[in-house]
There are 2 protein chains.
Amino acid sequence: MTLASVSLIGSFRQHYEEVRQAAAIFTAAGITVRSPPMSRIVDPRQEFVRFESDSTLESDHAIQAATLAKIFSSDFVYVVNPNGYIGRTTAYELGRIHERGMAVYYAEPPKDLLVDVPDGTVVSAHELVAALVGGGTSSVRRPRVAALPTADVVIFTIRTQRLHVLLIKRGTEPYLRKLALPGGFLRPGESLEDTASRELGEETGLDASRIPLRQLHTYSRPERDPRGRVVTTAFLAIVPNLPEVVGGTDAYRADWVEVEPSLLQGHDRLAFDHDVILELALEHTRRLLEHTTIATGFCDRRFTIRELRQVYEAVWGTSLSPQNFHRKVVQTRGFVVDTGKKETTKPGRPAALYRPGKARTLYPPMLRSKGEVKDENVLRSRGSEDR
Amino acid sequence: MTLASVSLIGSFRQHYEEVRQAAAIFTAAGITVRSPPMSRIVDPRQEFVRFESDSTLESDHAIQAATLAKIFSSDFVYVVNPNGYIGRTTAYELGRIHERGMAVYYAEPPKDLLVDVPDGTVVSAHELVAALVGGGTSSVRRPRVAALPTADVVIFTIRTQRLHVLLIKRGTEPYLRKLALPGGFLRPGESLEDTASRELGEETGLDASRIPLRQLHTYSRPERDPRGRVVTTAFLAIVPNLPEVVGGTDAYRADWVEVEPSLLQGHDRLAFDHDVILELALEHTRRLLEHTTIATGFCDRRFTIRELRQVYEAVWGTSLSPQNFHRKVVQTRGFVVDTGKKETTKPGRPAALYRPGKARTLYPPMLRSKGEVKDENVLRSRGSEDR
DNA sequence: AGAATAGTGTCTATGAGACAGTATATG
DNA sequence: CATATACTGTCTCATAGACACTATTCT
């Protein structure tokens, strides 16, 4: 694949001709120049140069913000700095670009500014194009792209015998007022597991250290988040039925939503690619019920076999024979342990109360019937979801 | 909570006295001044000021990096800019600080630099201290951390009836001359799947678009790579026995290595956390053989049932009954398709040649015997591997 | 013919699924 | 008592595993 886009930064007022030439070289190589827009300069006396195509924007601040947005949306940055000159505005932009971890190349070694200039990043536009297009073993450093890692958590529970997922209603753009999975950005010193655990605790009020979190999949399509390069790792958590709603601030409301097809398709689908994440989480959970004892995670500390069966029925969307299910569960060693106590409150013979056993995997597994088993998550065999 | 620490930025050379006064005001209010360290200036002629307590650091770059680290560790930043003056270095630091989303206050409105200065952020040190101690609801944006995403690929094949993995011998620090998984940094425009696919193609010479790549797990421990914040996503690829070695440049040699315990522990273990990744990939592959038709991926385009059985035996490390295996494979619909042709070259009755069928999953699955099944990869139930 | 490997027939143990039947509570 | 739910016994069928047996090649 080819590198799609570049932004040029530098003092356009002083070095407009050099900028124009560099832009021409990139354009000729098929690389889009995101910034500056190559049109006529309106007022060449300004430090921050206005271009005609910017004329709809009002203030200089808005232009600067738009320029930064263009820079951040490009794949790498080329600093046009004849004689090493870097002005204040360029220095500021460089700071923001570096903090993003974007790839930066320089026409000349920077003077009068102490920045880290790795080997192979001082290079002419011609050399850079040759290295990028040729892809050979030149000494030009290959562009790496930094991303903001996030963790999104699919939190499942069972309410009124139906599978529910915890969703938040977005209070900010993008996807304003759309439903989305709870999630957050990686913070300094955290692993993604820490991030997911923190989100889980914040959203549910549970002691997150006691809820097993399973990592599902990492989503990295370049355009999956319009704000920039955000790579998200999806986690799965299974929690028992919680007392009541989870609340949240006015800009950020969390609530349980029944898992149904409308979340995955149509106009009410989830924000970002969270519909795909939810679908994977659902299929993963179904599979986990087959091979692991995770179903007990949906239940309270003490539960009856009927409650456990209703978990399977809710997640698999099938109905199971109570008798055979009972025998299968009780016979499988380590799945459930009889507490000796009995359920009260219900008509009919009181059911025995069980607690989770020590086993984590089920052998032999709980088998779904033939038709229910779907194919694995293989990259090439899937549609356009993850490309 | 109260704001505990501040860093001051600005041209200390020109405005050292103002910086000193502001620092005294913050210190008197119980706010720690992280930067600059308030000691004697060593060389006042330098644009970037050296302080005596920095004297152990060697280069200006190192001082700059240390200064940024101190700035980032503080709770907010105060820009000392009499007459609005902001120099290049301060502009650069401001860019990095803004991109981090830190809170910034200015002594004067900035001149000659177009930055967003929200209402109420131009304030004297005295006023600022009063507002902070008064305990208003200041909304400090939470820090996010950027990372370099990488994709590492576990490429398995079978050679001489043994499971082998493709490893490279590292030609650079860190982990110089250690064995490691092939992998690379995410490049602009790529998804992690693209990155993994590119690496697979580069290392094996195969048409990577035809080899299914499975995403396994994402590793994000903050200290997993000494070079900095690198988050890696592991992929699994299964390839048939390739003609011969894969070569590579002198600094970067790739070769097939038999999978054995010495790769996972002891002094010859793999670089980084690749031992953990390899172990997960191995267990995942074993599981995949049970439920999917992936075993045919180890074989050539045409293969005998014996060859397929040897795949299972190599990966599972067991021996299987030829008769029962044969019947099981042939009876499972869509697993293999008889081509009508026969193997030649061997003594004994010639074996029928098969090609892969259309099925991706096996129902019922190929069962490993009871003792072989391990627990799932659950975060909390594992040791210190991924924390 | 004998060795070597491929493939089939058949018996047994195990477990899933169907279903009848028993146990123990409430109203 | 009827009714509702929990739990058990037993039969059938499918399949894994063991093992004897047949098939087809090479030397």
# chains A, B, ... in the order shown; residues from 1 in each chain; ligands from 1

$ closest_atom_pairs --of "chain D" --to "chain B" --cutoff "8 Å" --atoms "only C-alpha atoms (C1' of nucleotides)" --output "CSV"
residue,atom,partner,partner_atom,distance
D:DG17,C1',B:Asn324,CA,7.5
D:DA23,C1',B:Arg349,CA,7.7
D:DT24,C1',B:Arg349,CA,4.5
D:DT25,C1',B:Arg349,CA,4.2
D:DC26,C1',B:Pro347,CA,5.2

$ select_by_dssp --residues "range 271-320 of chain B" --states "alpha helix (DSSP H)" --output "NGL selection string"
:B and (274-291 or 305-316)

$ atom_distance --atom1 "CA of Ser5 in chain B" --atom2 "CA of Pro109 in chain B"
22.5 Å

$ residues_around --residues "Ala147 in chain A" --least-positions-apart "2" --cutoff "9 Å" --atoms "only C-alpha atoms (C1' of nucleotides)" --output "PyMOL selection string"
(chain A and resi 100-102+145+149+228-231) or (chain B and resi 145-149)

$ write_last_selection --atoms "all heavy atoms" --output "tab-separated table (two decimals), in the first residue's frame"
chain	number	residue	atom	x	y	z
A	100	ARG	N	1.68	13.81	19.49
A	100	ARG	CA	0.82	12.79	18.87
A	100	ARG	C	1.60	11.58	18.40
A	100	ARG	O	1.02	10.58	18.02
A	100	ARG	CB	0.11	13.40	17.65
A	100	ARG	CG	-1.08	14.21	18.00
A	100	ARG	CD	-2.31	13.64	17.35
A	100	ARG	NE	-3.48	14.24	17.92
A	100	ARG	CZ	-4.71	14.12	17.43
A	100	ARG	NH1	-4.90	13.40	16.34
A	100	ARG	NH2	-5.72	14.67	18.02
A	101	GLY	N	2.91	11.71	18.33
A	101	GLY	CA	3.72	10.60	17.87
A	101	GLY	C	3.71	10.43	16.37
A	101	GLY	O	4.05	9.36	15.86
A	102	MET	N	3.34	11.47	15.64
A	102	MET	CA	3.30	11.34	14.18
A	102	MET	C	4.71	11.29	13.60
A	102	MET	O	5.67	11.76	14.21
A	102	MET	CB	2.56	12.53	13.56
A	102	MET	CG	1.08	12.56	13.89
A	102	MET	SD	0.25	13.93	13.03
A	102	MET	CE	0.28	13.32	11.34
A	145	VAL	N	3.24	5.21	12.84
A	145	VAL	CA	2.11	6.05	13.17
A	145	VAL	C	1.71	5.77	14.61
A	145	VAL	O	1.60	4.62	15.03
A	145	VAL	CB	0.95	5.83	12.18
A	145	VAL	CG1	0.65	4.35	12.03
A	145	VAL	CG2	-0.29	6.56	12.62
A	149	PRO	N	-4.54	4.53	22.16
A	149	PRO	CA	-5.22	3.27	22.47
A	149	PRO	C	-6.40	3.53	23.41
A	149	PRO	O	-6.33	4.34	24.33
A	149	PRO	CB	-4.14	2.46	23.19
A	149	PRO	CG	-2.84	3.19	22.96
A	149	PRO	CD	-3.22	4.62	22.78
A	228	GLY	N	-9.38	10.89	14.72
A	228	GLY	CA	-7.98	10.60	14.47
A	228	GLY	C	-7.70	9.14	14.66
A	228	GLY	O	-8.60	8.30	14.66
A	229	ARG	N	-6.42	8.85	14.85
A	229	ARG	CA	-6.00	7.46	14.90
A	229	ARG	C	-6.27	6.89	16.28
A	229	ARG	O	-5.46	7.09	17.20
A	229	ARG	CB	-4.51	7.41	14.56
A	229	ARG	CG	-4.02	6.04	14.21
A	229	ARG	CD	-4.46	5.67	12.82
A	229	ARG	NE	-4.52	4.23	12.69
A	229	ARG	CZ	-4.05	3.56	11.65
A	229	ARG	NH1	-3.53	4.18	10.63
A	229	ARG	NH2	-4.16	2.26	11.62
A	230	VAL	N	-7.35	6.20	16.42
A	230	VAL	CA	-7.71	5.60	17.70
A	230	VAL	C	-7.82	4.09	17.48
A	230	VAL	O	-8.59	3.64	16.65
A	230	VAL	CB	-9.05	6.16	18.23
A	230	VAL	CG1	-9.43	5.45	19.52
A	230	VAL	CG2	-8.94	7.66	18.46
A	231	VAL	N	-7.03	3.35	18.21
A	231	VAL	CA	-7.06	1.89	18.13
A	231	VAL	C	-7.72	1.38	19.40
A	231	VAL	O	-7.26	1.68	20.50
A	231	VAL	CB	-5.64	1.32	18.00
A	231	VAL	CG1	-5.66	-0.20	18.08
A	231	VAL	CG2	-5.01	1.77	16.69
B	145	VAL	N	-2.55	8.88	26.74
B	145	VAL	CA	-1.20	8.52	26.36
B	145	VAL	C	-1.23	7.88	24.97
B	145	VAL	O	-2.04	7.01	24.69
B	145	VAL	CB	-0.55	7.58	27.41
B	145	VAL	CG1	-1.43	6.41	27.70
B	145	VAL	CG2	0.81	7.14	26.97
B	146	ALA	N	-0.35	8.39	24.10
B	146	ALA	CA	-0.26	7.82	22.76
B	146	ALA	C	0.72	6.66	22.79
B	146	ALA	O	1.58	6.57	23.66
B	146	ALA	CB	0.21	8.87	21.76
B	147	ALA	N	0.56	5.75	21.84
B	147	ALA	CA	1.44	4.59	21.78
B	147	ALA	C	1.73	4.27	20.33
B	147	ALA	O	1.01	4.68	19.43
B	147	ALA	CB	0.78	3.39	22.46
B	148	LEU	N	2.83	3.54	20.13
B	148	LEU	CA	3.12	3.04	18.79
B	148	LEU	C	2.57	1.62	18.69
B	148	LEU	O	3.03	0.73	19.38
B	148	LEU	CB	4.63	3.03	18.54
B	148	LEU	CG	5.30	4.39	18.48
B	148	LEU	CD1	6.81	4.25	18.40
B	148	LEU	CD2	4.78	5.19	17.30
B	149	PRO	N	1.57	1.42	17.84
B	149	PRO	CA	1.04	0.06	17.68
B	149	PRO	C	1.96	-0.77	16.78
B	149	PRO	O	2.49	-0.26	15.79
B	149	PRO	CB	-0.32	0.28	17.01
B	149	PRO	CG	-0.59	1.75	17.09
B	149	PRO	CD	0.75	2.41	17.13

$ atom_distance --atom1 "CA of Leu179 in chain A" --atom2 "CA of Asp268 in chain A"
8.0 Å

$ closest_atom_pairs --of "chain C" --to "chain B" --cutoff "8 Å" --atoms "only C-alpha atoms (C1' of nucleotides)" --output "Markdown table"
| residue | atom | partner | partner_atom | distance |
| --- | --- | --- | --- | --- |
| C:DA4 | C1' | B:Gly348 | CA | 4.7 |
| C:DT5 | C1' | B:Gly348 | CA | 4.2 |
| C:DA6 | C1' | B:Arg349 | CA | 5.5 |
| C:DG7 | C1' | B:Gln323 | CA | 7.5 |

$ closest_residue --among "A:Arg253, A:Arg287, A:Arg20, A:Arg162" --to "chain B" --atoms "only C-alpha atoms"
A:Arg287

$ closest_residue --among "A:Arg34, A:Arg227, A:Lys342, A:His284" --to "DT24 in chain C" --atoms "only C-alpha atoms (C1' of nucleotides)"
A:Lys342

$ closest_residue --among "A:Ala66, A:Ala91, A:Leu8, A:Leu289" --to "chain B" --atoms "only C-alpha atoms"
A:Ala91

$ residues_around --residues "Ala107 in chain A" --least-positions-apart "5" --cutoff "10 Å" --atoms "only C-alpha atoms (C1' of nucleotides)" --output "list in words"
Glu18, Ala22, Tyr78, Val79, Val80, Asn81, Pro82, Asn83, Gly84, Thr121, Val122, Val123, Ser124, Ala125 and Leu128 of chain A

$ write_last_selection --atoms "N, CA, C and O atoms" --output "PDB file, in the first residue's frame"
ATOM      1  N   GLU A  18       9.676  27.385  -1.623  1.00  0.00           N
ATOM      2  CA  GLU A  18      10.150  26.055  -1.245  1.00  0.00           C
ATOM      3  C   GLU A  18       8.982  25.129  -0.895  1.00  0.00           C
ATOM      4  O   GLU A  18       8.986  23.940  -1.228  1.00  0.00           O
ATOM      5  N   ALA A  22       8.065  21.597  -2.797  1.00  0.00           N
ATOM      6  CA  ALA A  22       7.942  20.319  -2.085  1.00  0.00           C
ATOM      7  C   ALA A  22       6.563  19.714  -2.317  1.00  0.00           C
ATOM      8  O   ALA A  22       6.419  18.512  -2.580  1.00  0.00           O
ATOM      9  N   TYR A  78       6.026  16.910   6.775  1.00  0.00           N
ATOM     10  CA  TYR A  78       7.319  17.327   6.230  1.00  0.00           C
ATOM     11  C   TYR A  78       7.553  18.781   6.606  1.00  0.00           C
ATOM     12  O   TYR A  78       6.741  19.651   6.314  1.00  0.00           O
ATOM     13  N   VAL A  79       8.684  19.029   7.291  1.00  0.00           N
ATOM     14  CA  VAL A  79       8.992  20.383   7.750  1.00  0.00           C
ATOM     15  C   VAL A  79       9.869  21.067   6.707  1.00  0.00           C
ATOM     16  O   VAL A  79      10.995  20.622   6.450  1.00  0.00           O
ATOM     17  N   VAL A  80       9.330  22.122   6.099  1.00  0.00           N
ATOM     18  CA  VAL A  80      10.093  22.890   5.114  1.00  0.00           C
ATOM     19  C   VAL A  80      10.817  24.000   5.866  1.00  0.00           C
ATOM     20  O   VAL A  80      10.207  25.009   6.225  1.00  0.00           O
ATOM     21  N   ASN A  81      12.104  23.780   6.122  1.00  0.00           N
ATOM     22  CA  ASN A  81      12.842  24.730   6.956  1.00  0.00           C
ATOM     23  C   ASN A  81      14.200  25.050   6.346  1.00  0.00           C
ATOM     24  O   ASN A  81      15.238  24.636   6.860  1.00  0.00           O
ATOM     25  N   PRO A  82      14.215  25.827   5.240  1.00  0.00           N
ATOM     26  CA  PRO A  82      15.506  26.216   4.649  1.00  0.00           C
ATOM     27  C   PRO A  82      16.393  26.878   5.691  1.00  0.00           C
ATOM     28  O   PRO A  82      15.908  27.673   6.508  1.00  0.00           O
ATOM     29  N   ASN A  83      17.670  26.523   5.691  1.00  0.00           N
ATOM     30  CA  ASN A  83      18.654  27.004   6.666  1.00  0.00           C
ATOM     31  C   ASN A  83      18.311  26.576   8.103  1.00  0.00           C
ATOM     32  O   ASN A  83      18.856  27.118   9.048  1.00  0.00           O
ATOM     33  N   GLY A  84      17.400  25.660   8.229  1.00  0.00           N
ATOM     34  CA  GLY A  84      17.057  25.173   9.559  1.00  0.00           C
ATOM     35  C   GLY A  84      16.087  26.056  10.314  1.00  0.00           C
ATOM     36  O   GLY A  84      15.715  25.754  11.445  1.00  0.00           O
ATOM     37  N   THR A 121      15.744  11.142   9.347  1.00  0.00           N
ATOM     38  CA  THR A 121      14.550  11.969   9.207  1.00  0.00           C
ATOM     39  C   THR A 121      14.868  13.342   8.626  1.00  0.00           C
ATOM     40  O   THR A 121      13.968  14.143   8.448  1.00  0.00           O
ATOM     41  N   VAL A 122      16.140  13.611   8.365  1.00  0.00           N
ATOM     42  CA  VAL A 122      16.478  14.825   7.617  1.00  0.00           C
ATOM     43  C   VAL A 122      16.721  14.395   6.181  1.00  0.00           C
ATOM     44  O   VAL A 122      17.690  13.691   5.890  1.00  0.00           O
ATOM     45  N   VAL A 123      15.856  14.805   5.297  1.00  0.00           N
ATOM     46  CA  VAL A 123      15.844  14.197   3.977  1.00  0.00           C
ATOM     47  C   VAL A 123      15.132  15.148   3.014  1.00  0.00           C
ATOM     48  O   VAL A 123      14.207  15.860   3.409  1.00  0.00           O
ATOM     49  N   SER A 124      15.606  15.202   1.775  1.00  0.00           N
ATOM     50  CA  SER A 124      14.935  16.064   0.804  1.00  0.00           C
ATOM     51  C   SER A 124      13.617  15.422   0.386  1.00  0.00           C
ATOM     52  O   SER A 124      13.410  14.220   0.547  1.00  0.00           O
ATOM     53  N   ALA A 125      12.737  16.267  -0.148  1.00  0.00           N
ATOM     54  CA  ALA A 125      11.438  15.751  -0.571  1.00  0.00           C
ATOM     55  C   ALA A 125      11.620  14.664  -1.622  1.00  0.00           C
ATOM     56  O   ALA A 125      10.914  13.651  -1.617  1.00  0.00           O
ATOM     57  N   LEU A 128      12.752  11.465   0.035  1.00  0.00           N
ATOM     58  CA  LEU A 128      11.661  10.902   0.837  1.00  0.00           C
ATOM     59  C   LEU A 128      10.656  10.192  -0.051  1.00  0.00           C
ATOM     60  O   LEU A 128      10.254   9.053   0.218  1.00  0.00           O
TER      61      LEU A 128
END

$ residues_around --residues "DT10 in chain C" --least-positions-apart "3" --cutoff "12 Å" --atoms "only C-alpha atoms (C1' of nucleotides)" --output "count of residues only"
4

$ closest_residue --among "A:Gln310, A:Thr32, A:Thr232, A:Thr89" --to "chain B" --atoms "only C-alpha atoms"
A:Thr89

$ closest_residue --among "A:Asp255, A:Glu290, A:Glu108, A:Asp116" --to "chain B" --atoms "only C-alpha atoms"
A:Asp116

$ residues_around --residues "DA23 in chain C" --least-positions-apart "2" --cutoff "10 Å" --atoms "only C-alpha atoms (C1' of nucleotides)" --output "ChimeraX atom specification"
/A:349 /C:25 /D:6-8

$ residues_around --residues "range 221-225 of chain A" --least-positions-apart "6" --cutoff "9 Å" --atoms "only C-alpha atoms (C1' of nucleotides)" --output "mmCIF file with N, CA and C atoms, in the first residue's frame"
data_model
loop_
_atom_site.group_PDB
_atom_site.id
_atom_site.type_symbol
_atom_site.label_atom_id
_atom_site.label_comp_id
_atom_site.auth_asym_id
_atom_site.auth_seq_id
_atom_site.Cartn_x
_atom_site.Cartn_y
_atom_site.Cartn_z
ATOM 1 N N PRO A 174 -17.948 12.979 18.019
ATOM 2 C CA PRO A 174 -18.865 12.517 16.983
ATOM 3 C C PRO A 174 -19.898 11.545 17.536
ATOM 4 N N VAL A 231 -7.030 3.354 18.212
ATOM 5 C CA VAL A 231 -7.055 1.891 18.130
ATOM 6 C C VAL A 231 -7.717 1.382 19.396
ATOM 7 N N PHE A 272 -19.569 4.485 16.143
ATOM 8 C CA PHE A 272 -18.293 3.926 15.677
ATOM 9 C C PHE A 272 -18.540 2.538 15.063
ATOM 10 N N ASP A 273 -17.603 1.607 15.329
ATOM 11 C CA ASP A 273 -17.803 0.230 14.869
ATOM 12 C C ASP A 273 -18.261 -0.642 16.028
ATOM 13 N N ASP A 386 -13.669 -5.476 8.874
ATOM 14 C CA ASP A 386 -12.456 -5.126 9.590
ATOM 15 C C ASP A 386 -11.294 -4.778 8.670
ATOM 16 N N ARG A 387 -11.614 -4.202 7.530
ATOM 17 C CA ARG A 387 -10.527 -3.883 6.629
ATOM 18 C C ARG A 387 -10.276 -2.392 6.587
ATOM 19 N N PRO B 188 1.241 4.475 8.306
ATOM 20 C CA PRO B 188 0.079 5.308 7.967
ATOM 21 C C PRO B 188 -0.862 4.598 7.009
ATOM 22 N N GLY B 189 -2.123 4.697 7.262
ATOM 23 C CA GLY B 189 -3.116 4.117 6.364
ATOM 24 C C GLY B 189 -3.363 2.644 6.575
ATOM 25 N N GLU B 190 -2.518 1.995 7.386
ATOM 26 C CA GLU B 190 -2.674 0.561 7.582
ATOM 27 C C GLU B 190 -3.587 0.255 8.762
ATOM 28 N N SER B 191 -4.252 -0.881 8.697
ATOM 29 C CA SER B 191 -4.795 -1.482 9.904
ATOM 30 C C SER B 191 -3.742 -2.462 10.419
ATOM 31 N N LEU B 192 -3.912 -2.923 11.647
ATOM 32 C CA LEU B 192 -2.956 -3.886 12.188
ATOM 33 C C LEU B 192 -2.944 -5.168 11.360
ATOM 34 N N GLU B 193 -4.096 -5.505 10.793
ATOM 35 C CA GLU B 193 -4.154 -6.666 9.916
ATOM 36 C C GLU B 193 -3.265 -6.454 8.694
#

$ atom_distance --atom1 "CA of Lys178 in chain A" --atom2 "CA of His267 in chain A"
9.9 Å

$ closest_residue --among "B:Thr172, B:Gln161, B:Gln265, B:Ser73" --to "chain A" --atoms "only C-alpha atoms"
B:Ser73

$ decode --residues "range 8-21 of chain D" --atoms "N, CA and C atoms (P, O5', C5', C4', C3', O3' and C1' of nucleotides)" --output "mmCIF file, in the first residue's frame"
data_model
loop_
_atom_site.group_PDB
_atom_site.id
_atom_site.type_symbol
_atom_site.label_atom_id
_atom_site.label_comp_id
_atom_site.auth_asym_id
_atom_site.auth_seq_id
_atom_site.Cartn_x
_atom_site.Cartn_y
_atom_site.Cartn_z
ATOM 1 P P DT D 8 -31.847 -35.777 41.520
ATOM 2 O "O5'" DT D 8 -32.753 -36.898 40.860
ATOM 3 C "C5'" DT D 8 -33.690 -37.601 41.661
ATOM 4 C "C4'" DT D 8 -34.133 -38.881 40.960
ATOM 5 C "C3'" DT D 8 -33.024 -39.739 40.346
ATOM 6 O "O3'" DT D 8 -33.338 -41.104 40.600
ATOM 7 C "C1'" DT D 8 -34.597 -39.190 38.681
ATOM 8 P P DG D 9 -32.328 -42.252 40.171
ATOM 9 O "O5'" DG D 9 -33.194 -43.054 39.087
ATOM 10 C "C5'" DG D 9 -34.601 -43.169 39.244
ATOM 11 C "C4'" DG D 9 -35.182 -44.057 38.149
ATOM 12 C "C3'" DG D 9 -34.227 -45.064 37.526
ATOM 13 O "O3'" DG D 9 -34.984 -46.219 37.159
ATOM 14 C "C1'" DG D 9 -34.872 -43.496 35.872
ATOM 15 P P DT D 10 -34.299 -47.507 36.503
ATOM 16 O "O5'" DT D 10 -34.506 -47.309 34.937
ATOM 17 C "C5'" DT D 10 -35.820 -47.020 34.459
ATOM 18 C "C4'" DT D 10 -35.793 -46.847 32.948
ATOM 19 C "C3'" DT D 10 -34.743 -47.673 32.203
ATOM 20 O "O3'" DT D 10 -35.297 -48.098 30.980
ATOM 21 C "C1'" DT D 10 -34.541 -45.454 31.583
ATOM 22 P P DC D 11 -34.889 -49.517 30.355
ATOM 23 O "O5'" DC D 11 -35.185 -49.280 28.807
ATOM 24 C "C5'" DC D 11 -36.389 -48.614 28.417
ATOM 25 C "C4'" DC D 11 -36.107 -47.712 27.234
ATOM 26 C "C3'" DC D 11 -35.152 -48.322 26.192
ATOM 27 O "O3'" DC D 11 -35.799 -48.437 24.934
ATOM 28 C "C1'" DC D 11 -34.548 -46.076 26.723
ATOM 29 P P DT D 12 -34.970 -49.082 23.707
ATOM 30 O "O5'" DT D 12 -34.461 -47.793 22.919
ATOM 31 C "C5'" DT D 12 -35.377 -46.736 22.632
ATOM 32 C "C4'" DT D 12 -34.670 -45.688 21.794
ATOM 33 C "C3'" DT D 12 -33.750 -46.266 20.706
ATOM 34 O "O3'" DT D 12 -33.869 -45.478 19.539
ATOM 35 C "C1'" DT D 12 -32.500 -44.877 22.131
ATOM 36 P P DC D 13 -33.290 -46.012 18.164
ATOM 37 O "O5'" DC D 13 -32.203 -44.915 17.783
ATOM 38 C "C5'" DC D 13 -32.505 -43.533 17.981
ATOM 39 C "C4'" DC D 13 -31.208 -42.743 18.025
ATOM 40 C "C3'" DC D 13 -30.167 -43.180 16.991
ATOM 41 O "O3'" DC D 13 -29.660 -42.031 16.352
ATOM 42 C "C1'" DC D 13 -29.208 -43.133 19.141
ATOM 43 P P DA D 14 -28.761 -42.168 15.049
ATOM 44 O "O5'" DA D 14 -27.461 -41.371 15.495
ATOM 45 C "C5'" DA D 14 -27.610 -40.160 16.227
ATOM 46 C "C4'" DA D 14 -26.260 -39.739 16.771
ATOM 47 C "C3'" DA D 14 -25.087 -40.004 15.830
ATOM 48 O "O3'" DA D 14 -24.208 -38.906 15.901
ATOM 49 C "C1'" DA D 14 -24.731 -41.126 17.871
ATOM 50 P P DT D 15 -23.013 -38.792 14.830
ATOM 51 O "O5'" DT D 15 -21.761 -39.111 15.758
ATOM 52 C "C5'" DT D 15 -21.594 -38.378 16.964
ATOM 53 C "C4'" DT D 15 -20.517 -39.030 17.796
ATOM 54 C "C3'" DT D 15 -19.279 -39.451 17.002
ATOM 55 O "O3'" DT D 15 -18.148 -39.113 17.766
ATOM 56 C "C1'" DT D 15 -20.012 -41.216 18.301
ATOM 57 P P DA D 16 -16.729 -38.779 17.113
ATOM 58 O "O5'" DA D 16 -15.732 -39.232 18.265
ATOM 59 C "C5'" DA D 16 -16.001 -38.828 19.605
ATOM 60 C "C4'" DA D 16 -15.280 -39.752 20.566
ATOM 61 C "C3'" DA D 16 -13.874 -40.139 20.148
ATOM 62 O "O3'" DA D 16 -13.063 -40.202 21.317
ATOM 63 C "C1'" DA D 16 -15.198 -42.087 20.285
ATOM 64 P P DG D 17 -11.493 -40.366 21.201
ATOM 65 O "O5'" DG D 17 -11.290 -41.930 21.418
ATOM 66 C "C5'" DG D 17 -11.669 -42.498 22.660
ATOM 67 C "C4'" DG D 17 -11.535 -43.992 22.594
ATOM 68 C "C3'" DG D 17 -10.211 -44.498 22.015
ATOM 69 O "O3'" DG D 17 -9.662 -45.415 22.947
ATOM 70 C "C1'" DG D 17 -12.028 -45.599 21.021
ATOM 71 P P DA D 18 -8.192 -46.011 22.735
ATOM 72 O "O5'" DA D 18 -8.512 -47.559 22.484
ATOM 73 C "C5'" DA D 18 -9.404 -48.230 23.360
ATOM 74 C "C4'" DA D 18 -9.674 -49.633 22.833
ATOM 75 C "C3'" DA D 18 -8.429 -50.324 22.240
ATOM 76 O "O3'" DA D 18 -8.357 -51.654 22.737
ATOM 77 C "C1'" DA D 18 -10.198 -50.315 20.666
ATOM 78 P P DC D 19 -7.033 -52.532 22.490
ATOM 79 O "O5'" DC D 19 -7.435 -53.457 21.248
ATOM 80 C "C5'" DC D 19 -8.726 -54.041 21.203
ATOM 81 C "C4'" DC D 19 -8.985 -54.636 19.848
ATOM 82 C "C3'" DC D 19 -7.736 -55.116 19.095
ATOM 83 O "O3'" DC D 19 -8.016 -56.345 18.494
ATOM 84 C "C1'" DC D 19 -9.023 -53.814 17.714
ATOM 85 P P DA D 20 -6.855 -57.442 18.267
ATOM 86 O "O5'" DA D 20 -7.606 -58.459 17.301
ATOM 87 C "C5'" DA D 20 -8.995 -58.718 17.503
ATOM 88 C "C4'" DA D 20 -9.724 -58.770 16.165
ATOM 89 C "C3'" DA D 20 -8.992 -59.551 15.080
ATOM 90 O "O3'" DA D 20 -9.910 -60.383 14.385
ATOM 91 C "C1'" DA D 20 -9.485 -57.391 14.297
ATOM 92 P P DC D 21 -9.377 -61.425 13.292
ATOM 93 O "O5'" DC D 21 -9.621 -60.687 11.890
ATOM 94 C "C5'" DC D 21 -10.936 -60.228 11.562
ATOM 95 C "C4'" DC D 21 -10.844 -59.322 10.354
ATOM 96 C "C3'" DC D 21 -10.051 -59.907 9.178
ATOM 97 O "O3'" DC D 21 -10.925 -60.123 8.070
ATOM 98 C "C1'" DC D 21 -9.581 -57.606 9.534
#
